[in-house]
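Report on the following structure.
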Amino acid sequence: MRKVVIIGGGYGGMNALHQLLDHDLPDDVHINVIDRNPYHSLKTEFYAIAAGTKSDKEVRIDFPIHEQVNYTFGDIIEIDTENNQIRLKNNEEAVTYDYLLIGLGCEDNYHGIQGAMEYTESVQSIANARQANIKVNNLPAYSQVSVVGAGLSGIEVASEIRESRPDLNIRLLDRGASVLSAFDEKIQSYVEEWFHRNEVDILHHSNVELVAEGIFYNNGEGIESDVIIWTAGVRPNYLVRSLPFEKDRHEKIIINDFYQVPSNDNVFIVGDCAASNYSPSAQLAGIQGEQIGEILAAILRNETPKRPKEIKLKGQLGSLGKSDGFGNMYRQPVTGLLPRLAKSGGVLWLNKRH
C-alpha cells in the first residue's frame, strides 16, 4: 500500500483530500488524515465564536467518509521527515507515510512581547475562540475589552463583540495611522467611520510593549483592560518552524512550483505554512489544496503532473456585525450589505456544500 498522510484538516488539507477522492484513487493508495479535532472548522468564523454570535455547530463540517481514508485524532509532537513518520502524543506507534501534505496552519505571533501569550485571548483555533467567548460574555456590563491588532481579524472581532455586547466598552489598538492597511483607502475610511459611529475607540500608532494580568503597556502608558484579545499577526505552526527545510523571512517553507519541498519531493506544503507571494487566507489555502490534490492524484496514477495554473484570487471579504461589511471583489472596493451577504450567503455556503 502507498500511504498518503495529510496533517491538518483545514481549508488546504480538505480541498486536497476532496480532489484526491474525486480523481478515483488507485486501489493500492491509503490516506490518513491527522487532526486534533474530528471535524473541519471554518476558521474565518472564529471571531463570531469569540463574540458569542455563533455556536460551534455552525462552524463545524464533518470530514468525508471513504473506504480508503481513515482519521487519526490527536496532537502531533514530531514530524520526522528523515524517517517519513509522524509521532503523536499518547500514541506509541508512529504514523508512516510515502507522501505527506503539511497543512497545519498558523498560530499567533507575539513578537517576543512579554506576557502577551499568557495574558491575552486568541481566535487562532476553535478552542481558543471558545475560551475568548467565555471571558467576554462573562463580563459584567461596562467592562473593558481591548483588541490588539487592526487587521481583518481584529476588525471582525471588535465589531462582532460590539454588536453582541453593546453594554461593553471596546477599544481597538492599531499599529499604523489607519485600520486595515492592506485594503483600499475607501474601505479604511468606511470601517473607521463604522467604529466611530458604534463607539469603539481606536488607538492609532499603538505599540504594545508589555502585557500583564488586566493591563498592558502601550507606548509606555499602562492601560487597564478586563479582557485583552490578541490579533496582531500570525506565523506558521511551531512544528513547521522546527522542520529542517529552507524558509523565507516569515518562517514559511520554500516550495517549488508543484508545492513540494525541493529537498524532499514527497512532502507537500499548503496554506499558511507555504512561502507565497500572496497574503495568507482561507481562499488561498483552498485553491492551493485543490491544485495539490490534482498533482498528487497524477503522481499516484504514475503520470507526470501538469504545472498548476497561476492563482487568481477573487478578493477578500470582512464583516462589521451581521448587516454590514467590506472587501475587495474582483479588485474593486465594496462596502455595506453586499459584501456581508456575499461572505455569509456565498463563501460560507460553498464551504459547507463542499
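We name chains A, B, ... following the order of the C-alpha cells; residues begin at 1 in each chain, and ligands are numbered from 1 as shown.
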Closest atom pairs, segment 82-169 of chain A residues within 9 Å of segment 191-204 of chain A, only C-alpha atoms, as JSON lines:
{"residue": "A:Ala150", "atom": "CA", "partner": "A:Ile202", "partner_atom": "CA", "distance": 8.9}
{"residue": "A:Ile155", "atom": "CA", "partner": "A:Val191", "partner_atom": "CA", "distance": 8.3}
{"residue": "A:Ala158", "atom": "CA", "partner": "A:Val200", "partner_atom": "CA", "distance": 7.9}
{"residue": "A:Ser159", "atom": "CA", "partner": "A:Phe195", "partner_atom": "CA", "distance": 7.5}
{"residue": "A:Arg162", "atom": "CA", "partner": "A:Val200", "partner_atom": "CA", "distance": 7.6}
{"residue": "A:Glu163", "atom": "CA", "partner": "A:Asn198", "partner_atom": "CA", "distance": 8.7}
{"residue": "A:Pro166", "atom": "CA", "partner": "A:Asn198", "partner_atom": "CA", "distance": 8.9}
{"residue": "A:Asn169", "atom": "CA", "partner": "A:Val200", "partner_atom": "CA", "distance": 7.3}
> Leaving out Ala94 of chain A and any residue of its chain fewer than 2 positions from it, which residues lie within 10 Å of it when counting only C-alpha atoms, given as a VMD selection string?
Replying inline: chain A and resid 78 to 80 84 to 89 91 to 92 96 to 97
Just write the chosen residues, C-alpha atoms, as a CSV table (one decimal), in the first residue's frame.
chain,number,residue,atom,x,y,z
A,78,GLU,CA,7.1,15.5,15.9
A,79,ILE,CA,7.2,15.5,12.1
A,80,ASP,CA,10.2,13.2,11.3
A,84,ASN,CA,9.0,9.5,6.9
A,85,GLN,CA,6.9,9.3,10.0
A,86,ILE,CA,4.6,11.4,12.3
A,87,ARG,CA,4.6,10.9,16.1
A,88,LEU,CA,1.6,11.8,18.2
A,89,LYS,CA,1.1,12.4,21.8
A,91,ASN,CA,0.4,7.2,20.7
A,92,GLU,CA,3.4,4.8,20.9
A,96,THR,CA,4.4,6.4,8.5
A,97,TYR,CA,3.9,7.9,5.0
>> If you run DSSP on the backbone here, which positions in segment 187-270 of chain A get alpha helix (DSSP H)? Please write them as a list of chain:residue names.
In response: A:Ile187, A:Gln188, A:Ser189, A:Tyr190, A:Val191, A:Glu192, A:Glu193, A:Trp194, A:Phe195, A:His196, A:Arg197, A:Tyr238, A:Leu239, A:Val240, A:Arg241
Hey, can you spit out that residue selection with all heavy atoms as a compact mmCIF listing (two decimals), in the first residue's frame?
# COMPACT_ATOMS: atom_id res chain seq x y z
N ILE A 187 -12.14 51.70 1.84
CA ILE A 187 -12.53 50.72 2.85
C ILE A 187 -12.04 51.15 4.22
O ILE A 187 -12.76 51.05 5.22
CB ILE A 187 -12.01 49.33 2.47
CG1 ILE A 187 -12.73 48.82 1.22
CG2 ILE A 187 -12.17 48.34 3.62
CD1 ILE A 187 -12.19 47.53 0.67
N GLN A 188 -10.81 51.61 4.29
CA GLN A 188 -10.26 52.08 5.57
C GLN A 188 -11.16 53.16 6.18
O GLN A 188 -11.51 53.10 7.37
CB GLN A 188 -8.85 52.61 5.38
CG GLN A 188 -7.83 51.56 4.96
CD GLN A 188 -6.47 52.16 4.65
OE1 GLN A 188 -6.20 53.32 4.97
NE2 GLN A 188 -5.61 51.38 4.03
N SER A 189 -11.53 54.14 5.38
CA SER A 189 -12.37 55.24 5.87
C SER A 189 -13.74 54.74 6.29
O SER A 189 -14.29 55.17 7.32
CB SER A 189 -12.53 56.31 4.79
OG SER A 189 -11.28 56.87 4.46
N TYR A 190 -14.30 53.82 5.53
CA TYR A 190 -15.63 53.28 5.84
C TYR A 190 -15.62 52.56 7.18
O TYR A 190 -16.52 52.74 8.01
CB TYR A 190 -16.05 52.33 4.73
CG TYR A 190 -17.47 51.82 4.86
CD1 TYR A 190 -18.53 52.54 4.32
CD2 TYR A 190 -17.75 50.62 5.51
CE1 TYR A 190 -19.84 52.08 4.43
CE2 TYR A 190 -19.04 50.15 5.63
CZ TYR A 190 -20.09 50.88 5.09
OH TYR A 190 -21.38 50.42 5.20
N VAL A 191 -14.59 51.73 7.39
CA VAL A 191 -14.51 50.96 8.63
C VAL A 191 -14.24 51.88 9.82
O VAL A 191 -14.83 51.70 10.90
CB VAL A 191 -13.43 49.87 8.50
CG1 VAL A 191 -13.20 49.16 9.84
CG2 VAL A 191 -13.83 48.85 7.43
N GLU A 192 -13.35 52.85 9.65
CA GLU A 192 -13.09 53.81 10.73
C GLU A 192 -14.38 54.52 11.15
O GLU A 192 -14.66 54.70 12.34
CB GLU A 192 -12.04 54.83 10.28
CG GLU A 192 -10.66 54.26 10.08
CD GLU A 192 -9.66 54.71 11.13
OE1 GLU A 192 -10.05 55.46 12.05
OE2 GLU A 192 -8.49 54.31 11.01
N GLU A 193 -15.16 54.93 10.16
CA GLU A 193 -16.42 55.62 10.45
C GLU A 193 -17.40 54.69 11.16
O GLU A 193 -18.13 55.11 12.06
CB GLU A 193 -17.02 56.14 9.14
CG GLU A 193 -18.42 56.74 9.29
CD GLU A 193 -18.49 57.87 10.31
OE1 GLU A 193 -17.48 58.58 10.50
OE2 GLU A 193 -19.57 58.03 10.92
N TRP A 194 -17.42 53.42 10.77
CA TRP A 194 -18.31 52.45 11.44
C TRP A 194 -17.96 52.36 12.92
O TRP A 194 -18.85 52.37 13.78
CB TRP A 194 -18.18 51.08 10.78
CG TRP A 194 -19.21 50.08 11.22
CD1 TRP A 194 -20.38 49.77 10.61
CD2 TRP A 194 -19.15 49.26 12.41
NE1 TRP A 194 -21.06 48.83 11.33
CE2 TRP A 194 -20.34 48.49 12.43
CE3 TRP A 194 -18.23 49.09 13.44
CZ2 TRP A 194 -20.62 47.58 13.44
CZ3 TRP A 194 -18.52 48.20 14.46
CH2 TRP A 194 -19.69 47.44 14.46
N PHE A 195 -16.68 52.28 13.22
CA PHE A 195 -16.26 52.18 14.63
C PHE A 195 -16.58 53.47 15.38
O PHE A 195 -17.01 53.42 16.54
CB PHE A 195 -14.77 51.85 14.72
CG PHE A 195 -14.46 50.40 14.50
CD1 PHE A 195 -13.61 50.00 13.48
CD2 PHE A 195 -15.02 49.43 15.30
CE1 PHE A 195 -13.34 48.66 13.27
CE2 PHE A 195 -14.75 48.08 15.11
CZ PHE A 195 -13.91 47.70 14.09
N HIS A 196 -16.38 54.59 14.74
CA HIS A 196 -16.71 55.87 15.39
C HIS A 196 -18.20 55.94 15.69
O HIS A 196 -18.61 56.33 16.79
CB HIS A 196 -16.29 57.03 14.49
CG HIS A 196 -16.67 58.38 15.03
ND1 HIS A 196 -16.01 58.96 16.11
CD2 HIS A 196 -17.64 59.26 14.65
CE1 HIS A 196 -16.57 60.14 16.36
NE2 HIS A 196 -17.55 60.34 15.49
N ARG A 197 -19.01 55.54 14.72
CA ARG A 197 -20.46 55.59 14.88
C ARG A 197 -20.93 54.62 15.95
O ARG A 197 -21.93 54.87 16.64
CB ARG A 197 -21.11 55.26 13.54
CG ARG A 197 -22.60 55.53 13.46
CD ARG A 197 -23.09 55.45 12.04
NE ARG A 197 -22.94 54.12 11.46
CZ ARG A 197 -22.09 53.80 10.49
NH1 ARG A 197 -21.28 54.73 9.98
NH2 ARG A 197 -22.02 52.58 10.02
N TYR A 238 4.31 25.95 15.09
CA TYR A 238 5.66 25.73 15.63
C TYR A 238 6.30 24.46 15.10
O TYR A 238 7.53 24.37 14.94
CB TYR A 238 5.61 25.72 17.16
CG TYR A 238 5.02 24.47 17.76
CD1 TYR A 238 5.82 23.42 18.19
CD2 TYR A 238 3.64 24.33 17.90
CE1 TYR A 238 5.28 22.27 18.72
CE2 TYR A 238 3.08 23.18 18.44
CZ TYR A 238 3.90 22.16 18.84
OH TYR A 238 3.35 21.02 19.37
N LEU A 239 5.50 23.43 14.80
CA LEU A 239 6.06 22.19 14.25
C LEU A 239 6.67 22.45 12.87
O LEU A 239 7.72 21.89 12.53
CB LEU A 239 4.97 21.13 14.14
CG LEU A 239 4.47 20.54 15.46
CD1 LEU A 239 3.16 19.79 15.23
CD2 LEU A 239 5.52 19.61 16.07
N VAL A 240 6.04 23.30 12.10
CA VAL A 240 6.55 23.65 10.77
C VAL A 240 7.83 24.46 10.90
O VAL A 240 8.79 24.25 10.16
CB VAL A 240 5.48 24.42 9.98
CG1 VAL A 240 6.04 24.95 8.67
CG2 VAL A 240 4.26 23.54 9.74
N ARG A 241 7.84 25.37 11.84
CA ARG A 241 9.04 26.20 12.02
C ARG A 241 10.25 25.37 12.45
O ARG A 241 11.39 25.78 12.24
CB ARG A 241 8.78 27.30 13.06
CG ARG A 241 7.62 28.22 12.71
CD ARG A 241 7.68 29.53 13.47
NE ARG A 241 7.87 29.38 14.89
CZ ARG A 241 6.89 29.27 15.79
NH1 ARG A 241 5.62 29.24 15.37
NH2 ARG A 241 7.15 29.17 17.07
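Interatomic distance, atom CA of Tyr71 of chain A against atom CA of Val270 of chain A: 19.1 Å.
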Shell around segment 260-269 of chain A at 7 Å using only C-alpha atoms, local window under 2 positions removed, as a PDB file with N, CA and C atoms, in the first residue's frame:
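Here's the written file out10.pdb:
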ATOM      1  N   ASP A  98       4.348   7.627   2.671  1.00  0.00           N
ATOM      2  CA  ASP A  98       5.120   7.726   1.439  1.00  0.00           C
ATOM      3  C   ASP A  98       5.048   9.145   0.885  1.00  0.00           C
ATOM      4  N   TYR A  99       3.867   9.763   1.050  1.00  0.00           N
ATOM      5  CA  TYR A  99       3.657  11.152   0.651  1.00  0.00           C
ATOM      6  C   TYR A  99       3.016  11.887   1.817  1.00  0.00           C
ATOM      7  N   LEU A 100       3.478  13.110   2.049  1.00  0.00           N
ATOM      8  CA  LEU A 100       2.999  13.888   3.187  1.00  0.00           C
ATOM      9  C   LEU A 100       2.548  15.266   2.718  1.00  0.00           C
ATOM     10  N   LEU A 101       1.367  15.671   3.161  1.00  0.00           N
ATOM     11  CA  LEU A 101       0.887  17.040   2.944  1.00  0.00           C
ATOM     12  C   LEU A 101       0.787  17.726   4.295  1.00  0.00           C
ATOM     13  N   ILE A 102       1.518  18.828   4.453  1.00  0.00           N
ATOM     14  CA  ILE A 102       1.532  19.576   5.703  1.00  0.00           C
ATOM     15  C   ILE A 102       0.651  20.812   5.555  1.00  0.00           C
ATOM     16  N   GLY A 103      -0.420  20.843   6.322  1.00  0.00           N
ATOM     17  CA  GLY A 103      -1.331  21.977   6.306  1.00  0.00           C
ATOM     18  C   GLY A 103      -1.755  22.345   7.707  1.00  0.00           C
ATOM     19  N   ILE A 254       9.904  27.178   1.906  1.00  0.00           N
ATOM     20  CA  ILE A 254      10.026  27.476   0.484  1.00  0.00           C
ATOM     21  C   ILE A 254       9.712  26.213  -0.324  1.00  0.00           C
ATOM     22  N   ILE A 255       8.862  26.347  -1.336  1.00  0.00           N
ATOM     23  CA  ILE A 255       8.407  25.214  -2.130  1.00  0.00           C
ATOM     24  C   ILE A 255       8.676  25.473  -3.608  1.00  0.00           C
ATOM     25  N   ASN A 256       8.562  24.403  -4.413  1.00  0.00           N
ATOM     26  CA  ASN A 256       8.698  24.566  -5.860  1.00  0.00           C
ATOM     27  C   ASN A 256       7.326  24.826  -6.490  1.00  0.00           C
ATOM     28  N   PHE A 258       5.291  22.946  -7.752  1.00  0.00           N
ATOM     29  CA  PHE A 258       4.330  21.871  -7.508  1.00  0.00           C
ATOM     30  C   PHE A 258       4.037  21.697  -6.011  1.00  0.00           C
ATOM     31  N   CYS A 273       1.571  27.602   5.899  1.00  0.00           N
ATOM     32  CA  CYS A 273       2.897  27.020   6.112  1.00  0.00           C
ATOM     33  C   CYS A 273       3.808  27.191   4.899  1.00  0.00           C
ATOM     34  N   ALA A 274       3.243  27.553   3.750  1.00  0.00           N
ATOM     35  CA  ALA A 274       3.996  27.609   2.495  1.00  0.00           C
ATOM     36  C   ALA A 274       4.352  29.044   2.121  1.00  0.00           C
TER      37      ALA A 274
END
>> Please identify the strand (DSSP E or B) residues within segment 56-294 of chain A (assignment by DSSP from backbone atoms) and present them as JSON, numbers by chain.
In response: {"A": [60, 61, 69, 70, 71, 72, 73, 76, 77, 78, 79, 80, 85, 86, 87, 88, 91, 92, 93, 94, 95, 96, 99, 100, 101, 102, 106, 107, 108, 114, 121, 144, 145, 146, 147, 148, 169, 170, 171, 172, 173, 201, 202, 203, 208, 209, 210, 211, 212, 215, 216, 217, 218, 221, 222, 223, 224, 227, 228, 229, 230, 234, 235, 236, 247, 253, 260, 261, 264, 265, 266, 267, 268, 269, 274]}
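Residues surrounding segment 113-117 of chain A within 12 Å are A:Glu107, A:Asp108, A:Asn109, A:Tyr110, A:Thr120, A:Glu121, A:Ser122, A:Asn128, A:Val148, A:Asn207, A:Val208, A:Glu209, A:Leu210, A:Val211, A:Ala212, A:Glu213, A:Gly214, A:Ile215, A:Phe216, A:Tyr217, A:Asn218, A:Ile228, A:Ile229, A:Trp230, A:Thr231, A:Ala232 [only C-alpha atoms; sequence separation below 3 positions excluded].
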> Which one is closest to Tyr142 of chain A: A:Arg175, A:Arg165, A:Lys43, A:Arg36? Count only C-alpha atoms.
Replying inline: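 For Tyr142 of chain A, the nearest of the candidates is A:Arg165.
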>> At a cut-off of 10 Å, using only C-alpha atoms, what residues contact Lys312 of chain A? Leave out same-chain residues fewer than 4 positions from it and give the result as a PyMOL selection string.
In response: chain A and resi 284+287+330
>> Can you tell me which residues surround Tyr47 of chain A at a distance of at most 12 Å, considering only C-alpha atoms, apart from same-chain residues fewer than 5 positions away, and format the answer as a ChimeraX atom specification?
In response: /A:42,52-56,59,121-133,136,147,152-162,164,229-231,318-321
Just the selected residues (N, CA and C atoms), exported as a tab-separated table (two decimals), in the first residue's frame, please.
chain	number	residue	atom	x	y	z
A	42	LEU	N	-14.56	26.09	10.25
A	42	LEU	CA	-14.42	27.27	9.39
A	42	LEU	C	-13.73	28.38	10.17
A	52	GLY	N	-19.69	35.21	20.65
A	52	GLY	CA	-20.90	34.54	21.12
A	52	GLY	C	-22.08	34.66	20.18
A	53	THR	N	-21.84	35.07	18.93
A	53	THR	CA	-22.94	35.22	17.98
A	53	THR	C	-23.15	33.98	17.12
A	54	LYS	N	-22.23	33.02	17.19
A	54	LYS	CA	-22.41	31.74	16.51
A	54	LYS	C	-22.04	30.61	17.46
A	55	SER	N	-22.69	29.47	17.27
A	55	SER	CA	-22.38	28.29	18.06
A	55	SER	C	-21.34	27.44	17.34
A	56	ASP	N	-20.74	26.51	18.07
A	56	ASP	CA	-19.78	25.59	17.46
A	56	ASP	C	-20.38	24.87	16.26
A	59	VAL	N	-20.04	26.25	12.71
A	59	VAL	CA	-18.73	26.39	12.05
A	59	VAL	C	-18.01	25.06	11.92
A	121	GLU	N	-6.26	36.71	25.05
A	121	GLU	CA	-7.06	35.67	24.42
A	121	GLU	C	-6.76	35.62	22.93
A	122	SER	N	-7.11	34.49	22.30
A	122	SER	CA	-6.77	34.26	20.90
A	122	SER	C	-8.01	33.78	20.14
A	123	VAL	N	-7.97	33.92	18.81
A	123	VAL	CA	-9.01	33.35	17.96
A	123	VAL	C	-8.39	32.46	16.88
A	124	GLN	N	-7.20	31.92	17.15
A	124	GLN	CA	-6.49	31.15	16.14
A	124	GLN	C	-6.90	29.68	16.08
A	125	SER	N	-7.66	29.20	17.05
A	125	SER	CA	-8.21	27.85	17.00
A	125	SER	C	-9.61	27.90	17.57
A	126	ILE	N	-10.39	26.86	17.32
A	126	ILE	CA	-11.75	26.86	17.83
A	126	ILE	C	-11.75	26.78	19.35
A	127	ALA	N	-10.75	26.09	19.92
A	127	ALA	CA	-10.65	26.03	21.37
A	127	ALA	C	-10.31	27.41	21.95
A	128	ASN	N	-9.39	28.13	21.29
A	128	ASN	CA	-9.05	29.49	21.73
A	128	ASN	C	-10.27	30.40	21.65
A	129	ALA	N	-11.02	30.30	20.56
A	129	ALA	CA	-12.20	31.16	20.38
A	129	ALA	C	-13.26	30.86	21.44
A	130	ARG	N	-13.42	29.59	21.80
A	130	ARG	CA	-14.36	29.23	22.87
A	130	ARG	C	-13.94	29.90	24.18
A	131	GLN	N	-12.65	29.85	24.47
A	131	GLN	CA	-12.15	30.44	25.70
A	131	GLN	C	-12.37	31.94	25.72
A	132	ALA	N	-12.12	32.60	24.57
A	132	ALA	CA	-12.37	34.04	24.48
A	132	ALA	C	-13.85	34.34	24.69
A	133	ASN	N	-14.70	33.50	24.15
A	133	ASN	CA	-16.15	33.65	24.32
A	133	ASN	C	-16.52	33.65	25.79
A	136	VAL	N	-15.28	36.94	27.46
A	136	VAL	CA	-16.01	38.14	27.04
A	136	VAL	C	-17.44	38.13	27.56
A	147	VAL	N	-8.82	44.97	21.90
A	147	VAL	CA	-8.40	44.10	20.80
A	147	VAL	C	-7.10	44.67	20.23
A	152	LEU	N	-7.69	42.36	9.47
A	152	LEU	CA	-9.01	41.78	9.23
A	152	LEU	C	-9.56	41.08	10.47
A	153	SER	N	-8.75	40.26	11.14
A	153	SER	CA	-9.23	39.54	12.32
A	153	SER	C	-9.64	40.49	13.43
A	154	GLY	N	-8.80	41.48	13.71
A	154	GLY	CA	-9.10	42.42	14.77
A	154	GLY	C	-10.37	43.21	14.50
A	155	ILE	N	-10.56	43.63	13.25
A	155	ILE	CA	-11.76	44.37	12.87
A	155	ILE	C	-13.00	43.53	13.10
A	156	GLU	N	-12.96	42.28	12.65
A	156	GLU	CA	-14.14	41.41	12.79
A	156	GLU	C	-14.43	41.08	14.24
A	157	VAL	N	-13.40	40.83	15.02
A	157	VAL	CA	-13.60	40.54	16.44
A	157	VAL	C	-14.22	41.73	17.16
A	158	ALA	N	-13.62	42.92	16.97
A	158	ALA	CA	-14.10	44.11	17.68
A	158	ALA	C	-15.52	44.47	17.28
A	159	SER	N	-15.85	44.41	15.98
A	159	SER	CA	-17.19	44.79	15.54
A	159	SER	C	-18.24	43.78	15.98
A	160	GLU	N	-17.87	42.50	15.97
A	160	GLU	CA	-18.84	41.48	16.38
A	160	GLU	C	-19.13	41.55	17.87
A	161	ILE	N	-18.10	41.81	18.67
A	161	ILE	CA	-18.34	41.96	20.11
A	161	ILE	C	-19.17	43.22	20.38
A	162	ARG	N	-18.90	44.28	19.63
A	162	ARG	CA	-19.71	45.49	19.79
A	162	ARG	C	-21.19	45.18	19.55
A	164	SER	N	-22.64	42.20	19.64
A	164	SER	CA	-23.11	41.19	20.59
A	164	SER	C	-23.30	41.75	22.00
A	229	ILE	N	-7.68	40.76	23.75
A	229	ILE	CA	-7.69	39.77	22.66
A	229	ILE	C	-6.59	40.11	21.68
A	230	TRP	N	-5.76	39.13	21.35
A	230	TRP	CA	-4.58	39.34	20.51
A	230	TRP	C	-4.87	38.95	19.07
A	231	THR	N	-4.78	39.91	18.15
A	231	THR	CA	-4.93	39.64	16.72
A	231	THR	C	-3.83	40.36	15.94
A	318	GLY	N	-14.80	41.02	4.58
A	318	GLY	CA	-14.81	41.13	6.03
A	318	GLY	C	-16.18	41.57	6.51
A	319	SER	N	-16.48	41.28	7.76
A	319	SER	CA	-17.79	41.63	8.31
A	319	SER	C	-17.67	42.73	9.35
A	320	LEU	N	-18.72	43.52	9.45
A	320	LEU	CA	-18.90	44.50	10.51
A	320	LEU	C	-20.25	44.19	11.15
A	321	GLY	N	-20.28	43.20	12.00
A	321	GLY	CA	-21.54	42.74	12.55
A	321	GLY	C	-22.31	41.93	11.52
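Counting only C-alpha atoms and comparing A:Val4, A:Gly9, A:Asp28, A:Cys106, the residue that lies closest to Arg60 of chain A is A:Gly9.
When atom CA of Asp35 of chain A is paired with atom CA of Tyr259 of chain A, their separation reads 20.7 Å.
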> From the set A:Leu337, A:Ala285, A:Ile292, A:Ala48, which residue has the shortest atom-to-atom contact distance to Lys306 of chain A, counting only C-alpha atoms?
Replying inline: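 Result for the nearest residue to Lys306 of chain A: A:Ile292.
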>> I'd like to know which of A:Asn90, A:Asn237, A:Ser279, A:Ser323 is closest to Thr335 of chain A, using only C-alpha atoms.
In response: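 Checking each candidate against Thr335 of chain A, we get A:Ser323 as the closest.
The interatomic distance for the pair atom CA of Gly74 of chain A and atom CA of Pro38 of chain A works out to 9.2 Å.
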> Which of these residues is nearest to Val227 of chain A, using only C-alpha atoms: A:Gly151, A:Pro26, A:Gly286, A:Pro140?
Replying inline: A:Pro140
